[in-house]
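Undergrad: For reference, the file target_31.pdb (PDB, C-alpha atoms, pLDDT in the B column) is included below:
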ATOM      1  CA  MET A   1      85.301  42.533  95.300  1.00 48.00           C
ATOM      2  CA  MET A   2      83.575  44.985  92.982  1.00 48.00           C
ATOM      3  CA  ILE A   3      81.647  46.508  95.879  1.00 45.00           C
ATOM      4  CA  LEU A   4      84.869  46.835  97.885  1.00 41.00           C
ATOM      5  CA  ALA A   5      86.604  48.537  94.950  1.00 41.00           C
ATOM      6  CA  VAL A   6      83.732  51.020  94.567  1.00 36.00           C
ATOM      7  CA  MET A   7      83.817  51.781  98.293  1.00 36.00           C
ATOM      8  CA  MET A   8      87.567  52.445  98.111  1.00 34.00           C
ATOM      9  CA  VAL A   9      87.118  54.851  95.177  1.00 33.00           C
ATOM     10  CA  MET A  10      84.318  56.652  97.026  1.00 32.00           C
ATOM     11  CA  THR A  11      86.517  57.032 100.107  1.00 35.00           C
ATOM     12  CA  ILE A  12      89.422  58.438  98.124  1.00 38.00           C
ATOM     13  CA  SER A  13      87.121  60.838  96.276  1.00 39.00           C
ATOM     14  CA  ALA A  14      85.577  61.997  99.529  1.00 47.00           C
ATOM     15  CA  ASN A  15      88.981  62.603 101.067  1.00 67.00           C
ATOM     16  CA  ALA A  16      90.598  64.314  98.080  1.00 79.00           C
ATOM     17  CA  MET A  17      90.250  68.067  97.752  1.00 88.00           C
ATOM     18  CA  SER A  18      88.663  69.399  94.580  1.00 92.00           C
ATOM     19  CA  TYR A  19      90.685  71.718  92.334  1.00 94.00           C
ATOM     20  CA  ASN A  20      88.425  74.706  93.028  1.00 95.00           C
ATOM     21  CA  ALA A  21      88.553  74.140  96.784  1.00 95.00           C
ATOM     22  CA  ALA A  22      92.325  73.631  96.703  1.00 96.00           C
ATOM     23  CA  LYS A  23      93.056  76.764  94.691  1.00 96.00           C
ATOM     24  CA  ASN A  24      90.868  78.938  96.927  1.00 97.00           C
ATOM     25  CA  GLU A  25      92.515  77.573 100.071  1.00 97.00           C
ATOM     26  CA  ALA A  26      95.961  77.956  98.469  1.00 98.00           C
ATOM     27  CA  LEU A  27      95.139  81.564  97.587  1.00 98.00           C
ATOM     28  CA  PHE A  28      94.022  82.446 101.123  1.00 98.00           C
ATOM     29  CA  LEU A  29      97.072  80.753 102.674  1.00 98.00           C
ATOM     30  CA  SER A  30      99.521  82.302 100.185  1.00 98.00           C
ATOM     31  CA  ASP A  31      98.025  85.759 100.636  1.00 98.00           C
ATOM     32  CA  LYS A  32      98.691  85.569 104.385  1.00 98.00           C
ATOM     33  CA  MET A  33     102.196  84.225 103.820  1.00 98.00           C
ATOM     34  CA  ALA A  34     102.861  87.173 101.498  1.00 98.00           C
ATOM     35  CA  TYR A  35     101.582  89.507 104.214  1.00 98.00           C
ATOM     36  CA  GLU A  36     103.620  88.073 107.094  1.00 98.00           C
ATOM     37  CA  LEU A  37     106.780  87.046 105.240  1.00 98.00           C
ATOM     38  CA  ASN A  38     107.097  90.159 103.021  1.00 97.00           C
ATOM     39  CA  LEU A  39     107.121  88.097  99.844  1.00 98.00           C
ATOM     40  CA  THR A  40     108.196  89.617  96.550  1.00 97.00           C
ATOM     41  CA  ALA A  41     105.898  89.245  93.543  1.00 96.00           C
ATOM     42  CA  ALA A  42     107.969  86.310  92.226  1.00 97.00           C
ATOM     43  CA  GLN A  43     107.919  84.615  95.626  1.00 98.00           C
ATOM     44  CA  TYR A  44     104.158  85.093  95.900  1.00 98.00           C
ATOM     45  CA  GLU A  45     103.639  83.353  92.557  1.00 98.00           C
ATOM     46  CA  ALA A  46     105.889  80.432  93.511  1.00 98.00           C
ATOM     47  CA  VAL A  47     104.405  80.084  97.016  1.00 98.00           C
ATOM     48  CA  TYR A  48     100.900  79.898  95.547  1.00 98.00           C
ATOM     49  CA  GLU A  49     101.995  77.137  93.148  1.00 98.00           C
ATOM     50  CA  ILE A  50     103.685  75.188  95.947  1.00 98.00           C
ATOM     51  CA  ASN A  51     100.684  75.467  98.260  1.00 98.00           C
ATOM     52  CA  LEU A  52      98.280  74.431  95.493  1.00 98.00           C
ATOM     53  CA  ASP A  53     100.441  71.416  94.600  1.00 97.00           C
ATOM     54  CA  TYR A  54     100.445  70.308  98.219  1.00 97.00           C
ATOM     55  CA  LEU A  55      96.686  70.639  98.644  1.00 96.00           C
ATOM     56  CA  LEU A  56      95.981  68.804  95.383  1.00 95.00           C
ATOM     57  CA  SER A  57      98.289  65.948  96.395  1.00 93.00           C
ATOM     58  CA  ILE A  58      96.785  65.051  99.761  1.00 90.00           C
ATOM     59  CA  ASN A  59      94.008  62.475  99.868  1.00 86.00           C
ATOM     60  CA  GLY A  60      93.544  61.835 103.561  1.00 82.00           C
ATOM     61  CA  HIS A  61      95.005  61.843 107.042  1.00 81.00           C
ATOM     62  CA  ASN A  62      98.192  59.975 106.126  1.00 81.00           C
ATOM     63  CA  ASP A  63      99.105  62.529 103.456  1.00 83.00           C
ATOM     64  CA  THR A  64      98.883  65.701 105.529  1.00 88.00           C
ATOM     65  CA  PHE A  65     102.409  65.345 106.923  1.00 91.00           C
ATOM     66  CA  GLY A  66     103.739  62.778 104.494  1.00 92.00           C
ATOM     67  CA  ILE A  67     105.831  62.924 101.343  1.00 93.00           C
ATOM     68  CA  TRP A  68     103.938  65.866  99.818  1.00 94.00           C
ATOM     69  CA  TRP A  69     104.328  67.930 102.981  1.00 95.00           C
ATOM     70  CA  ASP A  70     108.080  67.188 102.909  1.00 95.00           C
ATOM     71  CA  ARG A  71     108.198  68.219  99.261  1.00 96.00           C
ATOM     72  CA  ARG A  72     106.349  71.473 100.050  1.00 97.00           C
ATOM     73  CA  ASN A  73     108.899  72.357 102.725  1.00 97.00           C
ATOM     74  CA  ALA A  74     111.806  71.512 100.406  1.00 96.00           C
ATOM     75  CA  ASP A  75     110.376  73.685  97.608  1.00 97.00           C
ATOM     76  CA  LEU A  76     109.701  76.586  99.972  1.00 98.00           C
ATOM     77  CA  ARG A  77     113.266  76.410 101.248  1.00 97.00           C
ATOM     78  CA  PHE A  78     114.430  77.204  97.699  1.00 96.00           C
ATOM     79  CA  VAL A  79     111.908  80.026  97.272  1.00 97.00           C
ATOM     80  CA  LEU A  80     112.230  81.813 100.643  1.00 98.00           C
ATOM     81  CA  ASN A  81     115.341  83.391 102.082  1.00 96.00           C
ATOM     82  CA  ALA A  82     116.663  82.336 105.496  1.00 96.00           C
ATOM     83  CA  TRP A  83     114.722  84.720 107.749  1.00 96.00           C
ATOM     84  CA  GLN A  84     111.514  84.150 105.799  1.00 98.00           C
ATOM     85  CA  TYR A  85     111.837  80.371 106.144  1.00 98.00           C
ATOM     86  CA  ASP A  86     112.567  80.656 109.869  1.00 97.00           C
ATOM     87  CA  ARG A  87     109.437  82.752 110.329  1.00 97.00           C
ATOM     88  CA  TYR A  88     107.444  80.330 108.181  1.00 98.00           C
ATOM     89  CA  MET A  89     108.428  77.406 110.424  1.00 98.00           C
ATOM     90  CA  SER A  90     107.563  79.379 113.563  1.00 98.00           C
ATOM     91  CA  ARG A  91     103.930  79.830 112.404  1.00 97.00           C
ATOM     92  CA  ALA A  92     102.097  76.523 112.831  1.00 97.00           C
ATOM     93  CA  TYR A  93      99.251  77.765 110.608  1.00 97.00           C
ATOM     94  CA  PHE A  94     101.814  78.125 107.780  1.00 98.00           C
ATOM     95  CA  TYR A  95     104.089  75.181 108.562  1.00 98.00           C
ATOM     96  CA  ARG A  96     101.286  72.675 109.229  1.00 96.00           C
ATOM     97  CA  PRO A  97      98.407  74.342 107.431  1.00 97.00           C
ATOM     98  CA  VAL A  98      96.037  71.362 107.126  1.00 94.00           C
ATOM     99  CA  THR A  99      94.808  68.716 109.550  1.00 91.00           C
ATOM    100  CA  TRP A 100      92.286  65.938 109.047  1.00 85.00           C
ATOM    101  CA  LYS A 101      89.512  66.018 111.640  1.00 81.00           C
ATOM    102  CA  THR A 102      86.327  63.955 111.803  1.00 77.00           C
ATOM    103  CA  GLY A 103      86.397  63.123 108.124  1.00 72.00           C
ATOM    104  CA  GLY A 104      87.177  66.615 106.823  1.00 84.00           C
ATOM    105  CA  TRP A 105      89.939  69.145 106.326  1.00 88.00           C
ATOM    106  CA  SER A 106      90.708  71.794 108.940  1.00 92.00           C
ATOM    107  CA  PHE A 107      92.782  74.908 108.167  1.00 95.00           C
ATOM    108  CA  GLY A 108      94.525  76.598 111.089  1.00 95.00           C
ATOM    109  CA  ILE A 109      94.924  79.874 109.186  1.00 97.00           C
ATOM    110  CA  TYR A 110      91.257  80.726 109.869  1.00 97.00           C
ATOM    111  CA  THR A 111      91.890  80.901 113.614  1.00 95.00           C
ATOM    112  CA  HIS A 112      94.175  83.894 112.939  1.00 95.00           C
ATOM    113  CA  TYR A 113      92.598  85.667 109.958  1.00 97.00           C
ATOM    114  CA  ASP A 114      89.081  86.604 108.998  1.00 95.00           C
ATOM    115  CA  ARG A 115      87.834  84.388 106.187  1.00 94.00           C
ATOM    116  CA  ASN A 116      86.936  87.333 103.937  1.00 92.00           C
ATOM    117  CA  ARG A 117      90.107  89.417 104.336  1.00 95.00           C
ATOM    118  CA  TYR A 118      92.781  89.541 101.623  1.00 97.00           C
ATOM    119  CA  TYR A 119      95.839  91.789 101.539  1.00 97.00           C
ATOM    120  CA  ASN A 120      96.985  91.325  97.932  1.00 97.00           C
ATOM    121  CA  ALA A 121      95.668  90.929  94.428  1.00 96.00           C
ATOM    122  CA  HIS A 122      95.502  87.376  93.099  1.00 96.00           C
ATOM    123  CA  PRO A 123      98.818  86.064  91.749  1.00 96.00           C
ATOM    124  CA  THR A 124      98.803  85.927  87.961  1.00 95.00           C
ATOM    125  CA  VAL A 125      99.086  82.122  88.037  1.00 96.00           C
ATOM    126  CA  PHE A 126      95.837  81.817  90.016  1.00 97.00           C
ATOM    127  CA  VAL A 127      93.859  81.418  86.786  1.00 94.00           C
ATOM    128  CA  THR A 128      96.420  79.548  84.681  1.00 96.00           C
ATOM    129  CA  TYR A 129      98.266  77.162  87.006  1.00 97.00           C
ATOM    130  CA  LYS A 130      96.631  73.750  87.377  1.00 96.00           C
ATOM    131  CA  GLY A 131      99.279  72.065  89.528  1.00 94.00           C
ATOM    132  CA  GLY A 132     101.964  69.456  88.947  1.00 94.00           C
ATOM    133  CA  ASN A 133     105.300  71.153  89.605  1.00 95.00           C
ATOM    134  CA  ASN A 134     105.823  68.962  92.666  1.00 92.00           C
ATOM    135  CA  HIS A 135     105.756  65.909  90.401  1.00 91.00           C
ATOM    136  CA  ARG A 136     108.741  67.221  88.444  1.00 90.00           C
ATOM    137  CA  GLY A 137     112.357  66.999  89.546  1.00 83.00           C
ATOM    138  CA  ASP A 138     113.016  67.832  93.172  1.00 84.00           C
ATOM    139  CA  ARG A 139     115.118  70.822  92.122  1.00 88.00           C
ATOM    140  CA  PHE A 140     112.424  72.512  90.051  1.00 93.00           C
ATOM    141  CA  TYR A 141     112.351  75.628  92.256  1.00 95.00           C
ATOM    142  CA  ALA A 142     116.072  75.482  92.955  1.00 93.00           C
ATOM    143  CA  ASP A 143     116.706  75.934  89.246  1.00 91.00           C
ATOM    144  CA  ARG A 144     114.013  78.572  88.778  1.00 91.00           C
ATOM    145  CA  HIS A 145     114.964  82.202  89.360  1.00 89.00           C
ATOM    146  CA  VAL A 146     112.801  83.710  92.109  1.00 94.00           C
ATOM    147  CA  THR A 147     113.543  87.268  93.201  1.00 93.00           C
ATOM    148  CA  LYS A 148     113.957  87.489  96.976  1.00 94.00           C
ATOM    149  CA  PRO A 149     114.001  90.529  99.276  1.00 91.00           C
ATOM    150  CA  THR A 150     117.342  92.315  99.487  1.00 79.00           C
ATOM    151  CA  VAL A 151     116.582  93.808 102.898  1.00 61.00           C
ATOM    152  CA  HIS A 152     117.481  91.487 105.743  1.00 56.00           C
ATOM    153  CA  ASN A 153     114.667  92.048 108.209  1.00 53.00           C
ATOM    154  CA  ASN A 154     114.966  91.255 111.867  1.00 48.00           C
ATOM    155  CA  HIS A 155     112.937  88.062 111.831  1.00 42.00           C
ATOM    156  CA  ASN A 156     111.920  88.592 115.441  1.00 43.00           C
ATOM    157  CA  SER A 157     109.922  91.662 114.454  1.00 40.00           C
ATOM    158  CA  THR A 158     106.461  91.622 112.895  1.00 40.00           C
ATOM    159  CA  ARG A 159     105.036  93.310 109.852  1.00 44.00           C
ATOM    160  CA  HIS A 160     102.676  95.349 112.034  1.00 36.00           C
ATOM    161  CA  THR A 161     105.564  97.339 113.553  1.00 31.00           C
ATOM    162  CA  ALA A 162     108.494  96.928 111.179  1.00 31.00           C
ATOM    163  CA  ASN A 163     107.468  96.341 107.590  1.00 33.00           C
ATOM    164  CA  THR A 164     108.535  99.700 106.148  1.00 28.00           C
ATOM    165  CA  GLY A 165     111.031  99.514 103.342  1.00 29.00           C
ATOM    166  CA  THR A 166     110.768  95.738 102.986  1.00 31.00           C
ATOM    167  CA  TRP A 167     108.051  95.181 100.375  1.00 32.00           C
ATOM    168  CA  HIS A 168     109.758  94.683  97.035  1.00 36.00           C
ATOM    169  CA  ASN A 169     106.796  93.881  94.815  1.00 38.00           C
ATOM    170  CA  THR A 170     106.732  96.711  92.278  1.00 33.00           C
ATOM    171  CA  ASN A 171     103.254  95.659  91.134  1.00 38.00           C
ATOM    172  CA  ARG A 172     101.747  96.718  94.452  1.00 40.00           C
ATOM    173  CA  THR A 173     101.504 100.093  96.105  1.00 36.00           C
ATOM    174  CA  THR A 174     103.129 100.893  99.435  1.00 36.00           C
ATOM    175  CA  PRO A 175     100.892 101.331 102.487  1.00 37.00           C
ATOM    176  CA  ALA A 176      99.723 104.712 103.739  1.00 38.00           C
ATOM    177  CA  HIS A 177     101.297 105.838 107.028  1.00 37.00           C
ATOM    178  CA  ASN A 178     100.382 108.018 109.960  1.00 40.00           C
ATOM    179  CA  SER A 179     103.635 109.090 111.544  1.00 37.00           C
ATOM    180  CA  THR A 180     106.697 110.930 110.402  1.00 34.00           C
ATOM    181  CA  THR A 181     109.496 108.487 109.632  1.00 35.00           C
ATOM    182  CA  VAL A 182     110.139 105.488 107.411  1.00 34.00           C
ATOM    183  CA  ARG A 183     112.956 102.960 107.223  1.00 40.00           C
ATOM    184  CA  THR A 184     116.143 103.036 105.102  1.00 38.00           C
ATOM    185  CA  THR A 185     114.797 104.383 101.816  1.00 40.00           C
ATOM    186  CA  THR A 186     113.799 107.669 100.207  1.00 41.00           C
ATOM    187  CA  THR A 187     110.150 108.040  99.237  1.00 41.00           C
ATOM    188  CA  THR A 188     107.815 110.776  98.041  1.00 42.00           C
ATOM    189  CA  HIS A 189     104.768 111.768 100.063  1.00 43.00           C
ATOM    190  CA  ASN A 190     102.401 114.575  99.003  1.00 45.00           C
ATOM    191  CA  ASN A 191     104.856 115.770  96.328  1.00 44.00           C
ATOM    192  CA  ALA A 192     107.618 116.258  98.891  1.00 42.00           C
ATOM    193  CA  THR A 193     110.729 114.122  99.099  1.00 43.00           C
ATOM    194  CA  VAL A 194     111.266 112.627 102.543  1.00 39.00           C
ATOM    195  CA  ARG A 195     114.621 111.070 103.469  1.00 44.00           C
ATOM    196  CA  THR A 196     114.219 108.111 105.736  1.00 39.00           C
ATOM    197  CA  SER A 197     115.726 107.370 109.103  1.00 40.00           C
ATOM    198  CA  THR A 198     116.132 104.067 110.928  1.00 38.00           C
ATOM    199  CA  THR A 199     113.112 104.771 113.118  1.00 38.00           C
ATOM    200  CA  ASP A 200     110.014 102.636 112.457  1.00 41.00           C
ATOM    201  CA  ARG A 201     106.621 104.192 111.991  1.00 37.00           C
ATOM    202  CA  SER A 202     103.156 102.937 112.804  1.00 36.00           C
ATOM    203  CA  HIS A 203     100.499 102.116 110.183  1.00 36.00           C
ATOM    204  CA  ARG A 204      96.901 102.813 109.639  1.00 36.00           C
ATOM    205  CA  ASN A 205      94.849  99.695 109.090  1.00 37.00           C
ATOM    206  CA  GLY A 206      95.078  98.822 105.410  1.00 37.00           C
ATOM    207  CA  ASN A 207      92.197  97.869 103.205  1.00 38.00           C
ATOM    208  CA  ALA A 208      91.615  94.332 102.049  1.00 36.00           C
ATOM    209  CA  SER A 209      90.725  95.075  98.471  1.00 36.00           C
ATOM    210  CA  GLY A 210      93.864  93.514  97.001  1.00 36.00           C
ATOM    211  CA  SER A 211      95.579  96.843  96.374  1.00 34.00           C
ATOM    212  CA  GLY A 212      98.627  95.958  98.446  1.00 36.00           C
ATOM    213  CA  HIS A 213      97.748  98.187 101.421  1.00 34.00           C
ATOM    214  CA  PHE A 214      98.324  96.201 104.552  1.00 32.00           C
ATOM    215  CA  GLY A 215      96.290  96.204 107.741  1.00 35.00           C
ATOM    216  CA  ARG A 216      96.186  94.344 110.992  1.00 37.00           C
ATOM    217  CA  LYS A 217      94.740  90.923 111.028  1.00 39.00           C
TER     218      LYS A 217
END
Once you've parsed the file, please lay out its structure as structure tokens.

TA:
Amino acid sequence: MMILAVMMVMTISANAMSYNAAKNEALFLSDKMAYELNLTAAQYEAVYEINLDYLLSINGHNDTFGIWWDRRNADLRFVLNAWQYDRYMSRAYFYRPVTWKTGGWSFGIYTHYDRNRYYNAHPTVFVTYKGGNNHRGDRFYADRHVTKPTVHNNHNSTRHTANTGTWHNTNRTTPAHNSTTVRTTTTTHNNATVRTSTTDRSHRNGNASGSGHFGRK
């Protein structure tokens, strides 16, 4: 019986994800969700917490799409607005981010993004948050104020062709542009005020240094 108990503990430990591994995977996943879903700064913080909670709570194959996956989706529904949540569900690498294969974790996000590319600075909670919000009441994020985008994007478009005027994180800079028009706002370029039109503009590839400049994946 003692040997069996030790074997069970070893199996659970082997299946569980370490805190350092979970927070790094949660950061990479959240960074790409911020990029594709046009998350505000407050949303980015909350999404990182929710992703970390999910990854820390799964211990094996049965947990990947179990109660903690359901809780993640419920929490994200409170944090994201309608078009963001629809887009989230349409991306399998966001909606079902982890699978258990041959005794290890597999992350679908790496089939779409280079492992070393980041589009945003780390969320402030990356260092301080240790997990556990998903063990609180199921309305934790419903009762927490999270600023959401005020611009209602066409959710059928993509950030690569239609992200102008939709990034509302004041802690990040707006991307540099090549062409002559921007969308539904007034901005300043090269000390000259430019009034926007409804025509989209194309982007240069952004850098991945965490400055908030976006590029193609």

Undergrad: Evaluate the PyMOL selection byres ((chain A and resi 44) around 9) on the structure here and hand back the selected residues as a VMD selection string.

TA: chain A and resid 30 to 31 33 to 34 39 to 43 45 to 49 123

Undergrad: Kindly compute an axis-aligned box around the listed atoms of range 73-81 of chain A, allowing 5 Å on each side, and express its centre and edge lengths in Å to one decimal as JSON.

TA:
{"center_x": 112.1, "center_y": 77.5, "center_z": 100.0, "size_x": 16.4, "size_y": 21.9, "size_z": 15.5}

Undergrad: Check what the PyMOL selection byres ((chain A and resi 55) around 12) selects in the file above and give those residues as JSON, numbers by chain.

TA: {"A": [15, 16, 17, 18, 19, 20, 21, 22, 23, 24, 25, 26, 27, 29, 48, 49, 50, 51, 52, 53, 54, 56, 57, 58, 59, 60, 63, 64, 65, 68, 69, 71, 72, 96, 97, 98, 99, 105, 106, 107, 130, 131, 132, 134]}

Undergrad: Selection from above, C-alpha atoms, as a JSON list (two decimals), keeping the file's coordinate frame, can you write it?

TA:
[["chain", "number", "residue", "atom", "x", "y", "z"],
["A", 15, "ASN", "CA", 88.98, 62.60, 101.07],
["A", 16, "ALA", "CA", 90.60, 64.31, 98.08],
["A", 17, "MET", "CA", 90.25, 68.07, 97.75],
["A", 18, "SER", "CA", 88.66, 69.40, 94.58],
["A", 19, "TYR", "CA", 90.68, 71.72, 92.33],
["A", 20, "ASN", "CA", 88.42, 74.71, 93.03],
["A", 21, "ALA", "CA", 88.55, 74.14, 96.78],
["A", 22, "ALA", "CA", 92.32, 73.63, 96.70],
["A", 23, "LYS", "CA", 93.06, 76.76, 94.69],
["A", 24, "ASN", "CA", 90.87, 78.94, 96.93],
["A", 25, "GLU", "CA", 92.52, 77.57, 100.07],
["A", 26, "ALA", "CA", 95.96, 77.96, 98.47],
["A", 27, "LEU", "CA", 95.14, 81.56, 97.59],
["A", 29, "LEU", "CA", 97.07, 80.75, 102.67],
["A", 48, "TYR", "CA", 100.90, 79.90, 95.55],
["A", 49, "GLU", "CA", 102.00, 77.14, 93.15],
["A", 50, "ILE", "CA", 103.68, 75.19, 95.95],
["A", 51, "ASN", "CA", 100.68, 75.47, 98.26],
["A", 52, "LEU", "CA", 98.28, 74.43, 95.49],
["A", 53, "ASP", "CA", 100.44, 71.42, 94.60],
["A", 54, "TYR", "CA", 100.44, 70.31, 98.22],
["A", 56, "LEU", "CA", 95.98, 68.80, 95.38],
["A", 57, "SER", "CA", 98.29, 65.95, 96.40],
["A", 58, "ILE", "CA", 96.78, 65.05, 99.76],
["A", 59, "ASN", "CA", 94.01, 62.48, 99.87],
["A", 60, "GLY", "CA", 93.54, 61.84, 103.56],
["A", 63, "ASP", "CA", 99.10, 62.53, 103.46],
["A", 64, "THR", "CA", 98.88, 65.70, 105.53],
["A", 65, "PHE", "CA", 102.41, 65.34, 106.92],
["A", 68, "TRP", "CA", 103.94, 65.87, 99.82],
["A", 69, "TRP", "CA", 104.33, 67.93, 102.98],
["A", 71, "ARG", "CA", 108.20, 68.22, 99.26],
["A", 72, "ARG", "CA", 106.35, 71.47, 100.05],
["A", 96, "ARG", "CA", 101.29, 72.68, 109.23],
["A", 97, "PRO", "CA", 98.41, 74.34, 107.43],
["A", 98, "VAL", "CA", 96.04, 71.36, 107.13],
["A", 99, "THR", "CA", 94.81, 68.72, 109.55],
["A", 105, "TRP", "CA", 89.94, 69.14, 106.33],
["A", 106, "SER", "CA", 90.71, 71.79, 108.94],
["A", 107, "PHE", "CA", 92.78, 74.91, 108.17],
["A", 130, "LYS", "CA", 96.63, 73.75, 87.38],
["A", 131, "GLY", "CA", 99.28, 72.06, 89.53],
["A", 132, "GLY", "CA", 101.96, 69.46, 88.95],
["A", 134, "ASN", "CA", 105.82, 68.96, 92.67]]

Undergrad: Which residue, A:Thr128, A:Val146, A:Gly108, A:Phe140, has the smallest gap to Phe28 in chain A when you use all atoms listed in the file?

TA: A:Gly108

Undergrad: So which residues get picked by the PyMOL selection byres ((chain A and resi 113) around 10) here, written as a ChimeraX atom specification?

TA: /A:28-29,32,108-112,114-118,216-217

Undergrad: Find, counting all atoms listed in the file, the residue in A:Glu36, A:His61, A:Arg136, A:Val125 that gets nearest to Gly103 in chain A.

TA: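 Of A:Glu36, A:His61, A:Arg136, A:Val125, the one nearest Gly103 in chain A, counting all atoms listed in the file, is A:His61.
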
Undergrad: Which is closest to Lys148 in chain A among A:Tyr119, A:Phe126, A:Tyr85, A:Tyr93, if we use only C-alpha atoms?

TA: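 Once distances to Lys148 in chain A are computed over only C-alpha atoms, the minimum belongs to A:Tyr85.
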
Undergrad: Quick check, in Å to one decimal: how far apart do CA of Thr147 in chain A and CA of Phe78 in chain A lie?

TA: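 It comes out at 11.1 Å.
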
Undergrad: Could you jot down the CA of Pro149 in chain A to CA of Val79 in chain A separation for me, Å, one decimal place?

TA: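 Going from CA of Pro149 in chain A over to CA of Val79 in chain A covers 10.9 Å.
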
Undergrad: Rounded to one decimal in Å, what is the spacing between CA of Leu37 in chain A and CA of Leu80 in chain A?

TA: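 Here the two named atoms are 8.8 Å from each other.
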
Undergrad: Rank nothing, just name the residue among A:Asp138, A:Asn120, A:Arg144, A:Lys101 nearest to Asn73 in chain A, using all atoms listed in the file.

TA: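 Of A:Asp138, A:Asn120, A:Arg144, A:Lys101, the one nearest Asn73 in chain A is A:Asp138, counting all atoms listed in the file.
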